[in-house]
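Colleague: Quick one, coords_27.txt (compact mmCIF, C-alpha atoms (C1' of nucleotides)):
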```
# COMPACT_ATOMS: atom_id res chain seq x y z
CA MET A 1 -15.72 -7.36 -7.35
CA LYS A 2 -13.14 -8.42 -4.91
CA ARG A 3 -9.85 -6.67 -4.95
CA THR A 4 -7.16 -8.47 -6.90
CA ARG A 5 -5.16 -10.72 -4.59
CA PHE A 6 -1.51 -11.49 -5.14
CA ALA A 7 -1.01 -13.94 -2.31
CA ASP A 8 -0.79 -16.89 -4.67
CA TRP A 9 1.52 -15.26 -7.15
CA ASN A 10 4.85 -16.92 -7.46
CA CYS A 11 6.65 -13.70 -6.65
CA SER A 12 7.79 -12.34 -3.34
CA VAL A 13 7.07 -8.70 -4.11
CA ALA A 14 3.51 -9.56 -5.05
CA ARG A 15 2.98 -11.53 -1.88
CA VAL A 16 4.40 -8.76 0.25
CA THR A 17 2.20 -6.28 -1.55
CA ASP A 18 -0.84 -8.44 -0.97
CA LEU A 19 -0.15 -8.41 2.73
CA LEU A 20 1.20 -4.95 3.22
CA GLY A 21 0.45 -2.93 0.13
CA ASP A 22 -2.15 -0.65 1.57
CA TRP A 23 -1.96 2.83 2.87
CA TRP A 24 -1.98 2.10 6.51
CA THR A 25 -0.12 -1.07 7.26
CA PRO A 26 3.39 0.23 6.66
CA LEU A 27 2.62 3.17 8.92
CA ILE A 28 1.24 0.95 11.63
CA LEU A 29 4.37 -1.15 11.45
CA ARG A 30 6.52 1.96 11.60
CA ASP A 31 4.70 3.08 14.70
CA ALA A 32 5.01 -0.34 16.25
CA MET A 33 8.74 -0.19 15.60
CA ARG A 34 8.82 3.11 17.42
CA GLY A 35 7.38 1.40 20.44
CA ILE A 36 3.69 2.10 20.16
CA THR A 37 1.67 -0.85 21.43
CA ARG A 38 -1.82 0.24 22.34
CA PHE A 39 -4.89 0.76 20.21
CA ASP A 40 -5.34 4.34 21.33
CA GLU A 41 -1.75 5.25 20.70
CA PHE A 42 -1.89 3.93 17.17
CA HIS A 43 -5.16 5.69 16.65
CA GLU A 44 -3.86 8.99 17.91
CA SER A 45 -0.66 8.79 15.98
CA LEU A 46 -2.26 7.95 12.67
CA SER A 47 -5.77 9.41 12.91
CA LEU A 48 -7.31 6.62 10.89
CA GLY A 49 -10.80 5.19 11.32
CA ARG A 50 -11.07 2.89 14.28
CA ASN A 51 -12.56 0.17 12.16
CA THR A 52 -9.70 0.40 9.74
CA LEU A 53 -7.20 0.26 12.57
CA THR A 54 -8.97 -2.70 14.15
CA GLN A 55 -8.97 -4.57 10.90
CA ARG A 56 -5.34 -3.87 10.13
CA LEU A 57 -4.17 -4.89 13.58
CA GLU A 58 -6.18 -8.08 13.26
CA ARG A 59 -4.61 -8.82 9.92
CA LEU A 60 -1.13 -8.26 11.29
CA VAL A 61 -1.88 -10.61 14.18
CA GLU A 62 -3.30 -13.23 11.82
CA GLU A 63 -0.21 -13.02 9.67
CA GLY A 64 1.99 -13.49 12.68
CA MET A 65 3.67 -10.13 12.46
CA MET A 66 2.15 -8.98 15.71
CA GLU A 67 0.84 -10.67 18.76
CA ARG A 68 -1.71 -9.50 21.28
CA ARG A 69 -0.68 -9.46 24.88
CA GLN A 70 -3.21 -8.89 27.60
CA TYR A 71 -2.15 -6.13 29.94
CA HIS A 72 -5.37 -5.72 31.89
CA GLU A 73 -7.91 -8.26 32.94
CA ARG A 74 -11.22 -6.55 33.56
CA PRO A 75 -12.05 -5.36 31.10
CA PRO A 76 -9.63 -7.36 28.93
CA ARG A 77 -7.09 -5.01 27.43
CA TYR A 78 -4.52 -5.95 24.86
CA GLU A 79 -1.41 -4.41 23.48
CA TYR A 80 0.05 -5.22 20.12
CA LEU A 81 3.65 -6.30 19.96
CA LEU A 82 5.80 -7.05 16.97
CA THR A 83 6.91 -10.63 16.53
CA GLU A 84 10.22 -11.61 15.02
CA LYS A 85 8.46 -11.71 11.68
CA GLY A 86 7.23 -8.18 12.21
CA ARG A 87 10.55 -6.87 13.44
CA ASP A 88 12.26 -8.39 10.44
CA PHE A 89 10.31 -5.96 8.28
CA PHE A 90 12.46 -3.17 9.64
CA PRO A 91 14.94 -3.27 6.76
CA VAL A 92 12.09 -2.63 4.34
CA ILE A 93 10.99 0.38 6.36
CA ALA A 94 14.60 1.52 6.56
CA ALA A 95 15.00 1.20 2.80
CA MET A 96 11.84 3.21 2.30
CA MET A 97 13.17 5.88 4.63
CA ARG A 98 16.39 5.96 2.71
CA TRP A 99 14.62 6.39 -0.60
CA GLY A 100 12.18 8.93 0.81
CA ASP A 101 14.94 10.95 2.42
CA ARG A 102 16.80 11.14 -0.81
CA TRP A 103 13.99 11.82 -3.22
CA LEU A 104 11.08 13.26 -1.29
CA ALA A 105 12.63 15.42 1.39
CA ASP A 106 12.63 19.15 0.88
CA GLY A 107 15.71 19.84 2.84
CA ASP A 108 17.03 17.88 5.70
CA PRO A 109 15.45 14.47 6.16
CA PRO A 110 12.78 14.47 8.84
CA LEU A 111 14.66 11.94 10.88
CA ARG A 112 18.23 10.82 11.03
CA LEU A 113 19.24 7.47 12.37
CA ARG A 114 22.18 6.76 14.56
CA HIS A 115 23.59 3.28 14.56
CA MET A 116 24.17 2.34 18.12
CA THR A 117 26.96 -0.13 17.45
CA CYS A 118 29.31 2.30 15.74
CA GLY A 119 27.76 5.47 17.13
CA LYS A 120 27.59 7.21 13.79
CA VAL A 121 24.70 8.75 11.91
CA THR A 122 23.84 6.08 9.42
CA THR A 123 22.13 5.63 6.09
CA PRO A 124 20.46 2.27 5.50
CA THR A 125 22.21 0.68 2.57
CA VAL A 126 21.16 -2.46 0.74
CA VAL A 127 24.20 -4.57 -0.06
CA CYS A 128 25.13 -7.97 -1.36
CA SER A 129 25.23 -10.45 1.49
CA VAL A 130 28.32 -12.09 0.06
CA CYS A 131 30.68 -9.31 -0.96
CA GLY A 132 29.11 -6.31 0.72
CA GLU A 133 28.84 -4.14 -2.32
CA PRO A 134 25.76 -1.96 -2.63
CA LEU A 135 23.03 -3.58 -4.69
CA ILE A 136 21.67 -1.38 -7.39
CA LEU A 137 19.35 -2.12 -10.21
CA GLY A 138 21.33 -3.81 -12.90
CA SER A 139 23.89 -5.35 -10.61
CA VAL A 140 21.82 -8.47 -10.04
CA HIS A 141 20.04 -10.90 -12.23
CA ARG A 142 18.14 -14.14 -11.82
CA ALA A 143 20.23 -16.94 -10.51
CA MET B 1 -14.35 11.47 1.25
CA LYS B 2 -10.91 11.78 -0.13
CA ARG B 3 -8.31 9.23 0.84
CA THR B 4 -6.05 10.37 3.64
CA ARG B 5 -2.90 11.88 2.19
CA PHE B 6 0.46 11.59 3.89
CA ALA B 7 2.49 13.67 1.48
CA ASP B 8 2.78 16.54 3.91
CA TRP B 9 3.65 14.43 6.90
CA ASN B 10 7.04 15.11 8.29
CA CYS B 11 8.05 11.50 7.93
CA SER B 12 9.73 9.71 5.07
CA VAL B 13 7.82 6.47 5.43
CA ALA B 14 4.53 8.31 5.27
CA ARG B 15 5.56 10.20 2.17
CA VAL B 16 6.74 7.05 0.47
CA THR B 17 3.52 5.34 1.42
CA ASP B 18 1.50 8.21 0.03
CA LEU B 19 3.25 7.87 -3.29
CA LEU B 20 3.75 4.16 -3.54
CA GLY B 21 1.70 2.47 -0.88
CA ASP B 22 -1.04 1.29 -3.12
CA TRP B 23 -1.92 -1.99 -4.43
CA TRP B 24 -0.35 -1.79 -7.86
CA THR B 25 2.51 0.62 -7.93
CA PRO B 26 5.15 -1.60 -6.33
CA LEU B 27 4.33 -4.29 -8.85
CA ILE B 28 4.52 -1.91 -11.76
CA LEU B 29 7.90 -0.77 -10.54
CA ARG B 30 9.03 -4.37 -10.16
CA ASP B 31 8.02 -5.07 -13.71
CA ALA B 32 9.74 -1.95 -14.94
CA MET B 33 12.88 -3.10 -13.18
CA ARG B 34 12.61 -6.38 -15.02
CA GLY B 35 12.71 -4.48 -18.25
CA ILE B 36 9.07 -4.13 -19.15
CA THR B 37 8.45 -0.80 -20.86
CA ARG B 38 5.24 -0.93 -22.86
CA PHE B 39 1.65 -0.44 -21.81
CA ASP B 40 0.59 -3.81 -23.15
CA GLU B 41 3.40 -5.66 -21.47
CA PHE B 42 2.55 -4.18 -18.11
CA HIS B 43 -1.09 -4.93 -18.69
CA GLU B 44 -0.43 -8.51 -19.63
CA SER B 45 1.93 -9.11 -16.78
CA LEU B 46 -0.31 -7.70 -14.10
CA SER B 47 -3.83 -8.14 -15.48
CA LEU B 48 -5.08 -4.94 -13.96
CA GLY B 49 -7.71 -2.62 -15.40
CA ARG B 50 -6.40 -0.51 -18.22
CA ASN B 51 -7.65 2.64 -16.57
CA THR B 52 -5.86 1.78 -13.37
CA LEU B 53 -2.66 1.06 -15.25
CA THR B 54 -2.96 4.31 -17.18
CA GLN B 55 -3.43 6.28 -14.04
CA ARG B 56 -0.58 4.62 -12.22
CA LEU B 57 1.85 5.09 -15.06
CA GLU B 58 0.83 8.74 -15.26
CA ARG B 59 1.43 9.16 -11.58
CA LEU B 60 4.86 7.59 -11.82
CA VAL B 61 5.73 9.90 -14.70
CA GLU B 62 4.45 12.93 -12.80
CA GLU B 63 6.53 11.99 -9.81
CA GLY B 64 9.59 11.68 -11.95
CA MET B 65 10.12 8.00 -11.36
CA MET B 66 9.40 7.17 -14.97
CA GLU B 67 9.64 9.01 -18.21
CA ARG B 68 7.78 8.46 -21.44
CA ARG B 69 9.81 7.94 -24.53
CA GLN B 70 8.16 7.97 -27.93
CA TYR B 71 9.09 4.91 -29.91
CA HIS B 72 6.64 5.30 -32.78
CA GLU B 73 5.33 8.38 -34.47
CA ARG B 74 2.06 7.61 -36.16
CA PRO B 75 0.18 6.81 -34.12
CA PRO B 76 2.29 8.17 -31.24
CA ARG B 77 3.50 5.29 -29.10
CA TYR B 78 5.32 5.62 -25.84
CA GLU B 79 7.29 3.37 -23.63
CA TYR B 80 7.81 3.91 -19.96
CA LEU B 81 11.33 3.95 -18.64
CA LEU B 82 12.58 4.23 -15.12
CA THR B 83 14.47 7.37 -14.23
CA GLU B 84 17.29 7.48 -11.74
CA LYS B 85 14.70 8.21 -9.09
CA GLY B 86 12.74 5.16 -10.11
CA ARG B 87 15.78 2.91 -10.32
CA ASP B 88 16.86 4.04 -6.89
CA PHE B 89 13.73 2.37 -5.54
CA PHE B 90 15.30 -0.98 -6.27
CA PRO B 91 16.73 -1.45 -2.78
CA VAL B 92 13.20 -1.16 -1.37
CA ILE B 93 11.96 -3.81 -3.77
CA ALA B 94 14.99 -5.94 -2.90
CA ALA B 95 14.31 -5.57 0.80
CA MET B 96 10.72 -6.57 0.23
CA MET B 97 11.88 -9.61 -1.69
CA ARG B 98 14.21 -10.53 1.09
CA TRP B 99 11.48 -10.30 3.68
CA GLY B 100 8.96 -12.09 1.48
CA ASP B 101 11.40 -14.87 0.69
CA ARG B 102 12.05 -15.46 4.31
CA TRP B 103 8.58 -15.20 5.74
CA LEU B 104 6.11 -15.86 2.95
CA ALA B 105 7.73 -18.47 0.76
CA ASP B 106 6.53 -22.02 1.10
CA GLY B 107 9.74 -23.64 0.16
CA ASP B 108 12.38 -22.24 -2.07
CA PRO B 109 12.05 -18.57 -2.82
CA PRO B 110 10.43 -17.94 -6.18
CA LEU B 111 13.45 -16.11 -7.43
CA ARG B 112 17.06 -16.08 -6.45
CA LEU B 113 19.32 -13.21 -7.28
CA ARG B 114 22.86 -13.45 -8.45
CA HIS B 115 25.12 -10.51 -7.86
CA MET B 116 27.00 -9.89 -11.04
CA THR B 117 30.02 -8.29 -9.45
CA CYS B 118 30.97 -11.20 -7.19
CA GLY B 119 29.11 -13.86 -9.14
CA LYS B 120 27.44 -15.35 -6.11
CA VAL B 121 23.80 -15.93 -5.25
CA THR B 122 23.02 -13.03 -3.01
CA THR B 123 20.58 -11.97 -0.35
CA PRO B 124 19.82 -8.25 -0.16
CA THR B 125 20.96 -7.07 3.24
CA VAL B 126 20.33 -3.69 4.80
CA VAL B 127 23.44 -2.49 6.58
CA CYS B 128 24.85 0.57 8.26
CA SER B 129 26.49 2.80 5.68
CA VAL B 130 29.34 3.58 8.06
CA CYS B 131 30.41 0.30 9.62
CA GLY B 132 28.64 -2.22 7.39
CA GLU B 133 26.87 -4.11 10.11
CA PRO B 134 23.35 -5.31 9.38
CA LEU B 135 20.70 -2.91 10.60
CA ILE B 136 18.04 -4.52 12.66
CA LEU B 137 15.27 -3.04 14.66
CA GLY B 138 16.71 -1.86 17.90
CA SER B 139 20.19 -1.20 16.59
CA VAL B 140 19.36 2.35 15.55
CA HIS B 141 17.72 5.27 17.21
CA ARG B 142 17.05 8.88 16.36
CA ALA B 143 20.13 10.94 15.93
C1' DC C 1 -25.38 5.94 44.18
C1' DC C 2 -24.28 8.95 39.92
C1' DT C 3 -21.41 11.17 36.43
C1' DG C 4 -17.62 11.55 33.61
C1' DG C 5 -13.62 9.70 31.61
C1' DT C 6 -10.90 6.02 29.39
C1' DC C 7 -10.22 2.29 26.33
C1' DA C 8 -11.15 -0.77 22.57
C1' DG C 9 -13.66 -1.79 19.74
C1' DT C 10 -18.45 -1.87 16.54
C1' DT C 11 -21.82 0.21 13.51
C1' DC C 12 -23.33 2.99 9.81
C1' DA C 13 -23.96 6.13 5.87
C1' DT C 14 -21.31 8.11 2.34
C1' DC C 15 -18.22 8.34 -1.32
C1' DA C 16 -13.77 7.54 -3.78
C1' DA C 17 -11.54 4.33 -6.31
C1' DA C 18 -10.81 -0.46 -8.02
C1' DC C 19 -12.65 -3.65 -11.12
C1' DG C 20 -13.81 -5.63 -15.55
C1' DA C 21 -15.89 -5.17 -19.69
C1' DA C 22 -16.53 -2.69 -23.63
C1' DC C 23 -15.54 0.95 -26.56
C1' DT C 24 -12.64 4.18 -29.39
C1' DC C 25 -9.18 5.65 -32.44
C1' DA C 26 -5.23 5.40 -35.29
C1' DC C 27 -2.69 2.89 -37.35
C1' DT C 28 -0.66 -1.74 -39.95
C1' DT C 29 -1.11 -5.96 -42.52
C1' DG C 30 -2.96 -9.19 -45.72
C1' DC D 1 -11.97 -4.17 -47.23
C1' DA D 2 -11.48 -6.88 -42.51
C1' DA D 3 -8.75 -8.10 -38.77
C1' DG D 4 -5.25 -7.22 -35.56
C1' DT D 5 -2.42 -4.25 -32.53
C1' DG D 6 -1.60 -0.79 -29.14
C1' DA D 7 -2.92 2.70 -25.97
C1' DG D 8 -5.78 4.48 -24.01
C1' DT D 9 -11.09 6.09 -22.45
C1' DT D 10 -15.71 5.23 -20.73
C1' DC D 11 -19.00 3.23 -17.78
C1' DG D 12 -21.69 0.64 -14.35
C1' DT D 13 -20.92 -2.01 -10.28
C1' DT D 14 -18.82 -3.17 -6.04
C1' DT D 15 -15.49 -2.72 -2.47
C1' DG D 16 -13.44 -0.65 1.21
C1' DA D 17 -11.87 3.77 3.36
C1' DT D 18 -13.67 7.59 5.87
C1' DG D 19 -15.48 9.93 9.80
C1' DA D 20 -18.79 10.18 13.03
C1' DA D 21 -21.31 8.13 16.44
C1' DC D 22 -22.33 4.44 19.35
C1' DT D 23 -21.44 0.59 22.75
C1' DG D 24 -19.91 -1.73 26.73
C1' DA D 25 -16.91 -2.47 30.52
C1' DC D 26 -14.58 -0.73 33.45
C1' DC D 27 -12.40 3.11 36.94
C1' DA D 28 -12.27 7.35 39.71
C1' DG D 29 -14.27 10.96 42.15
C1' DG D 30 -18.07 13.38 44.25
```
Could the structure of this file be written out as structure tokens, please?
Modeller:
Amino acid sequence: MKRTRFADWNCSVARVTDLLGDWWTPLILRDAMRGITRFDEFHESLSLGRNTLTQRLERLVEEGMMERRQYHERPPRYEYLLTEKGRDFFPVIAAMMRWGDRWLADGDPPLRLRHMTCGKVTTPTVVCSVCGEPLILGSVHRA
Amino acid sequence: MKRTRFADWNCSVARVTDLLGDWWTPLILRDAMRGITRFDEFHESLSLGRNTLTQRLERLVEEGMMERRQYHERPPRYEYLLTEKGRDFFPVIAAMMRWGDRWLADGDPPLRLRHMTCGKVTTPTVVCSVCGEPLILGSVHRA
DNA sequence: CCTGGTCAGTTCATCAAACGAACTCACTTG
DNA sequence: CAAGTGAGTTCGTTTGATGAACTGACCAGG
């Protein structure tokens, strides 16, 4: 029995989950956002099966979130770089970090972020694009 | 062989992924945020196996993201309500929607959100908590 | 030349967990 | 009584992760 697919659901969350709702893909993306590009680096960082890593990287390339760039000719060697589409997933990762820091951290969060523009230690905050107020559950409804 | 666990990783994204990075949990949370509370409603909405739904709801209760509230005594009947911890996951879902709307939608996004405070159709935006500028990959680094 | 190391996969056997159907139990309703 | 509802539980099958090993194409050094 094939795993349930959500790609055709008329719902963004379902479609995102279909693409990225597995154990490894968010972590691969996080690593890619940290600058990791090569198969071995991903493998070392995450310690997942090589077949699983291969498959996930392929999927991310297929979906246009990563591209392969050849960095060595013989033998052909590729690195995996985030596309715009892949980089644009950063706010999701940031929101996850925010939630995890608040609710799953034992003490200090594992990692603090500094916003380079204002120089301050920052907390990713999801806000309304129009008025800038933080969006919380209950403050939005279907348009 | 037991699935790799990330709960002890010193990394928020990994911990969040350990808890929520499975196929169904984000969708269950989305449905809960839409107001669904009962076992049958979840089951109907998502069409997943009843055992899988049971297990996921249990996990969410264990993790303190949902609580069971008895709404009928004989036989005992429970509904599943989001806690503060569960509601605070909304920005992650919103960020996923934002990304999905932009990159996975064929035409119009399936769902537009209206922000009740300002009354406008809104786009969830992840910003710096200090200066309010949108956070994109590359604009933050480790503090 | 050979050997060993590196890199990026590929293969394979095993097992956990999803899947989907059916079942179970305790009620309620007609 | 039978049928329906709701919330699980059980069970057999299949999928896909896991972890180890293998493979092939190089390169470097002896």
Colleague: Fit chain A to chain B: least squares, all C-alpha atoms, paired in order; write the output as an mmCIF file with C-alpha atoms, keeping the file's coordinate frame.
Modeller:
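Output saved as selection_26.cif:
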```cif
data_model
loop_
_atom_site.group_PDB
_atom_site.id
_atom_site.type_symbol
_atom_site.label_atom_id
_atom_site.label_comp_id
_atom_site.auth_asym_id
_atom_site.auth_seq_id
_atom_site.Cartn_x
_atom_site.Cartn_y
_atom_site.Cartn_z
ATOM 1 C CA MET A 1 -14.328 11.698 1.439
ATOM 2 C CA LYS A 2 -10.939 11.877 -0.049
ATOM 3 C CA ARG A 3 -8.448 9.281 0.920
ATOM 4 C CA THR A 4 -6.088 10.347 3.673
ATOM 5 C CA ARG A 5 -2.933 11.835 2.181
ATOM 6 C CA PHE A 6 0.438 11.579 3.851
ATOM 7 C CA ALA A 7 2.442 13.654 1.415
ATOM 8 C CA ASP A 8 2.751 16.534 3.851
ATOM 9 C CA TRP A 9 3.641 14.442 6.847
ATOM 10 C CA ASN A 10 7.043 15.118 8.229
ATOM 11 C CA CYS A 11 8.025 11.488 7.873
ATOM 12 C CA SER A 12 9.689 9.708 5.016
ATOM 13 C CA VAL A 13 7.778 6.455 5.376
ATOM 14 C CA ALA A 14 4.493 8.320 5.219
ATOM 15 C CA ARG A 15 5.529 10.207 2.124
ATOM 16 C CA VAL A 16 6.693 7.052 0.415
ATOM 17 C CA THR A 17 3.447 5.375 1.351
ATOM 18 C CA ASP A 18 1.462 8.269 -0.039
ATOM 19 C CA LEU A 19 3.209 7.871 -3.349
ATOM 20 C CA LEU A 20 3.617 4.152 -3.548
ATOM 21 C CA GLY A 21 1.426 2.572 -0.922
ATOM 22 C CA ASP A 22 -1.142 1.044 -3.182
ATOM 23 C CA TRP A 23 -1.549 -2.408 -4.506
ATOM 24 C CA TRP A 24 -0.253 -1.875 -7.944
ATOM 25 C CA THR A 25 2.557 0.609 -7.957
ATOM 26 C CA PRO A 26 5.205 -1.591 -6.368
ATOM 27 C CA LEU A 27 4.368 -4.302 -8.876
ATOM 28 C CA ILE A 28 4.560 -1.916 -11.783
ATOM 29 C CA LEU A 29 7.943 -0.769 -10.567
ATOM 30 C CA ARG A 30 9.073 -4.360 -10.183
ATOM 31 C CA ASP A 31 8.047 -5.072 -13.735
ATOM 32 C CA ALA A 32 9.761 -1.953 -14.972
ATOM 33 C CA MET A 33 12.916 -3.110 -13.220
ATOM 34 C CA ARG A 34 12.617 -6.383 -15.065
ATOM 35 C CA GLY A 35 12.707 -4.484 -18.306
ATOM 36 C CA ILE A 36 9.066 -4.110 -19.197
ATOM 37 C CA THR A 37 8.443 -0.777 -20.898
ATOM 38 C CA ARG A 38 5.237 -0.889 -22.876
ATOM 39 C CA PHE A 39 1.648 -0.428 -21.810
ATOM 40 C CA ASP A 40 0.576 -3.788 -23.163
ATOM 41 C CA GLU A 41 3.396 -5.635 -21.505
ATOM 42 C CA PHE A 42 2.563 -4.162 -18.134
ATOM 43 C CA HIS A 43 -1.065 -4.910 -18.712
ATOM 44 C CA GLU A 44 -0.424 -8.498 -19.652
ATOM 45 C CA SER A 45 1.956 -9.110 -16.830
ATOM 46 C CA LEU A 46 -0.273 -7.699 -14.135
ATOM 47 C CA SER A 47 -3.804 -8.129 -15.497
ATOM 48 C CA LEU A 48 -5.038 -4.927 -13.929
ATOM 49 C CA GLY A 49 -7.683 -2.600 -15.344
ATOM 50 C CA ARG A 50 -6.381 -0.460 -18.146
ATOM 51 C CA ASN A 51 -7.620 2.666 -16.470
ATOM 52 C CA THR A 52 -5.819 1.761 -13.304
ATOM 53 C CA LEU A 53 -2.642 1.061 -15.227
ATOM 54 C CA THR A 54 -2.941 4.319 -17.146
ATOM 55 C CA GLN A 55 -3.407 6.267 -13.976
ATOM 56 C CA ARG A 56 -0.534 4.617 -12.164
ATOM 57 C CA LEU A 57 1.869 5.104 -15.046
ATOM 58 C CA GLU A 58 0.837 8.740 -15.222
ATOM 59 C CA ARG A 59 1.456 9.170 -11.534
ATOM 60 C CA LEU A 60 4.883 7.594 -11.797
ATOM 61 C CA VAL A 61 5.741 9.920 -14.677
ATOM 62 C CA GLU A 62 4.464 12.942 -12.756
ATOM 63 C CA GLU A 63 6.563 11.978 -9.776
ATOM 64 C CA GLY A 64 9.614 11.671 -11.947
ATOM 65 C CA MET A 65 10.134 7.989 -11.365
ATOM 66 C CA MET A 66 9.418 7.157 -14.970
ATOM 67 C CA GLU A 67 9.629 8.999 -18.200
ATOM 68 C CA ARG A 68 7.747 8.471 -21.426
ATOM 69 C CA ARG A 69 9.771 7.973 -24.537
ATOM 70 C CA GLN A 70 8.137 8.005 -27.921
ATOM 71 C CA TYR A 71 9.040 4.950 -29.939
ATOM 72 C CA HIS A 72 6.588 5.365 -32.795
ATOM 73 C CA GLU A 73 5.309 8.461 -34.463
ATOM 74 C CA ARG A 74 2.006 7.718 -36.136
ATOM 75 C CA PRO A 75 0.167 6.926 -34.100
ATOM 76 C CA PRO A 76 2.269 8.270 -31.212
ATOM 77 C CA ARG A 77 3.465 5.377 -29.108
ATOM 78 C CA TYR A 78 5.285 5.682 -25.838
ATOM 79 C CA GLU A 79 7.263 3.401 -23.640
ATOM 80 C CA TYR A 80 7.795 3.929 -19.964
ATOM 81 C CA LEU A 81 11.326 3.966 -18.666
ATOM 82 C CA LEU A 82 12.582 4.226 -15.134
ATOM 83 C CA THR A 83 14.463 7.369 -14.226
ATOM 84 C CA GLU A 84 17.291 7.455 -11.737
ATOM 85 C CA LYS A 85 14.699 8.202 -9.094
ATOM 86 C CA GLY A 86 12.750 5.136 -10.122
ATOM 87 C CA ARG A 87 15.780 2.892 -10.332
ATOM 88 C CA ASP A 88 16.848 4.014 -6.892
ATOM 89 C CA PHE A 89 13.734 2.332 -5.535
ATOM 90 C CA PHE A 90 15.322 -1.009 -6.289
ATOM 91 C CA PRO A 91 16.730 -1.470 -2.788
ATOM 92 C CA VAL A 92 13.219 -1.171 -1.383
ATOM 93 C CA ILE A 93 11.989 -3.846 -3.767
ATOM 94 C CA ALA A 94 15.015 -5.958 -2.902
ATOM 95 C CA ALA A 95 14.324 -5.585 0.810
ATOM 96 C CA MET A 96 10.731 -6.604 0.236
ATOM 97 C CA MET A 97 11.902 -9.647 -1.686
ATOM 98 C CA ARG A 98 14.226 -10.533 1.121
ATOM 99 C CA TRP A 99 11.486 -10.293 3.711
ATOM 100 C CA GLY A 100 8.982 -12.114 1.518
ATOM 101 C CA ASP A 101 11.418 -14.899 0.745
ATOM 102 C CA ARG A 102 12.073 -15.448 4.377
ATOM 103 C CA TRP A 103 8.590 -15.199 5.783
ATOM 104 C CA LEU A 104 6.126 -15.858 2.998
ATOM 105 C CA ALA A 105 7.747 -18.490 0.831
ATOM 106 C CA ASP A 106 6.545 -22.043 1.160
ATOM 107 C CA GLY A 107 9.752 -23.659 0.208
ATOM 108 C CA ASP A 108 12.375 -22.285 -2.028
ATOM 109 C CA PRO A 109 12.034 -18.595 -2.805
ATOM 110 C CA PRO A 110 10.420 -17.976 -6.170
ATOM 111 C CA LEU A 111 13.463 -16.172 -7.430
ATOM 112 C CA ARG A 112 17.072 -16.104 -6.435
ATOM 113 C CA LEU A 113 19.339 -13.238 -7.261
ATOM 114 C CA ARG A 114 22.882 -13.483 -8.416
ATOM 115 C CA HIS A 115 25.142 -10.541 -7.839
ATOM 116 C CA MET A 116 27.018 -9.971 -11.009
ATOM 117 C CA THR A 117 30.046 -8.351 -9.416
ATOM 118 C CA CYS A 118 30.982 -11.257 -7.173
ATOM 119 C CA GLY A 119 29.106 -13.929 -9.102
ATOM 120 C CA LYS A 120 27.445 -15.391 -6.050
ATOM 121 C CA VAL A 121 23.810 -15.970 -5.209
ATOM 122 C CA THR A 122 23.017 -13.051 -2.991
ATOM 123 C CA THR A 123 20.573 -11.983 -0.327
ATOM 124 C CA PRO A 124 19.816 -8.266 -0.135
ATOM 125 C CA THR A 125 20.962 -7.091 3.254
ATOM 126 C CA VAL A 126 20.330 -3.700 4.805
ATOM 127 C CA VAL A 127 23.445 -2.489 6.584
ATOM 128 C CA CYS A 128 24.849 0.573 8.247
ATOM 129 C CA SER A 129 26.504 2.788 5.671
ATOM 130 C CA VAL A 130 29.341 3.564 8.044
ATOM 131 C CA CYS A 131 30.398 0.287 9.618
ATOM 132 C CA GLY A 132 28.640 -2.231 7.415
ATOM 133 C CA GLU A 133 26.859 -4.091 10.133
ATOM 134 C CA PRO A 134 23.349 -5.306 9.396
ATOM 135 C CA LEU A 135 20.691 -2.891 10.589
ATOM 136 C CA ILE A 136 18.013 -4.491 12.650
ATOM 137 C CA LEU A 137 15.250 -2.999 14.654
ATOM 138 C CA GLY A 138 16.707 -1.804 17.889
ATOM 139 C CA SER A 139 20.167 -1.152 16.558
ATOM 140 C CA VAL A 140 19.332 2.391 15.514
ATOM 141 C CA HIS A 141 17.726 5.323 17.155
ATOM 142 C CA ARG A 142 17.031 8.942 16.320
ATOM 143 C CA ALA A 143 20.118 10.980 15.830
#
```
Colleague: For DG8 of chain D, list every protein, DNA or RNA residue within 8 Å, evaluated using only C-alpha atoms (C1' of nucleotides), and leave out those in the same chain fewer than 2 positions away; present the list as a list of chain:residue names.
Modeller: B:Arg50, B:Asn51, B:Thr54
Colleague: Restrict the distance test to all atoms listed in the file, flag each residue of chain B within 6 Å of chain A, and return the flagged residues as a ChimeraX atom specification.
Modeller: /B:10-13,16,21-23,90-92,95-97,100-101,110,112-116,122-129,137,139-143
Colleague: Give the answer as one residue: which of D:DC11, D:DA17, D:DC27, D:DA3 has the shortest atom-to-atom distance to chain B, using all atoms listed in the file?
Modeller: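 Smallest distance to chain B is found for D:DA17.
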Colleague: Which residue is closest to chain B? Choose from C:DG30, C:DG20, C:DC7, C:DC1 and count only C-alpha atoms (C1' of nucleotides).
Modeller: C:DG20
Colleague: Which residue gives the smallest distance to chain C among B:Glu44, B:Glu73, B:Asp108, B:Glu79, with all atoms listed in the file counted?
Modeller: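 With all atoms listed in the file as the atom set, the closest residue is B:Glu73.
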Colleague: By how many Å are atom CA of Gln55 of chain A and atom C1' of DT6 of chain C apart?
Modeller: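 Spanning atom CA of Gln55 of chain A to atom C1' of DT6 of chain C is a straight-line distance of 21.4 Å.
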Colleague: What are the residues of chain D lining chain A at 12 Å or less? Count all atoms listed in the file, and put the answer as a list of chain:residue names.
Modeller: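 In the required form, that comes to D:DT13, D:DT14, D:DT15, D:DG16, D:DA17, D:DT18, D:DG19, D:DA20, D:DA21, D:DG24, D:DA25, D:DC26, D:DC27.
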Colleague: Could you work out an axis-aligned bounding box for all listed atoms of segment 10-15 of chain C, with 4 Å added on each of the six sides, and give its centre and edge lengths in Å to one decimal, as AutoDock Vina command-line options?
Modeller:
```
--center_x -21.1 --center_y 3.2 --center_z 7.6 --size_x 13.7 --size_y 18.2 --size_z 25.9
```
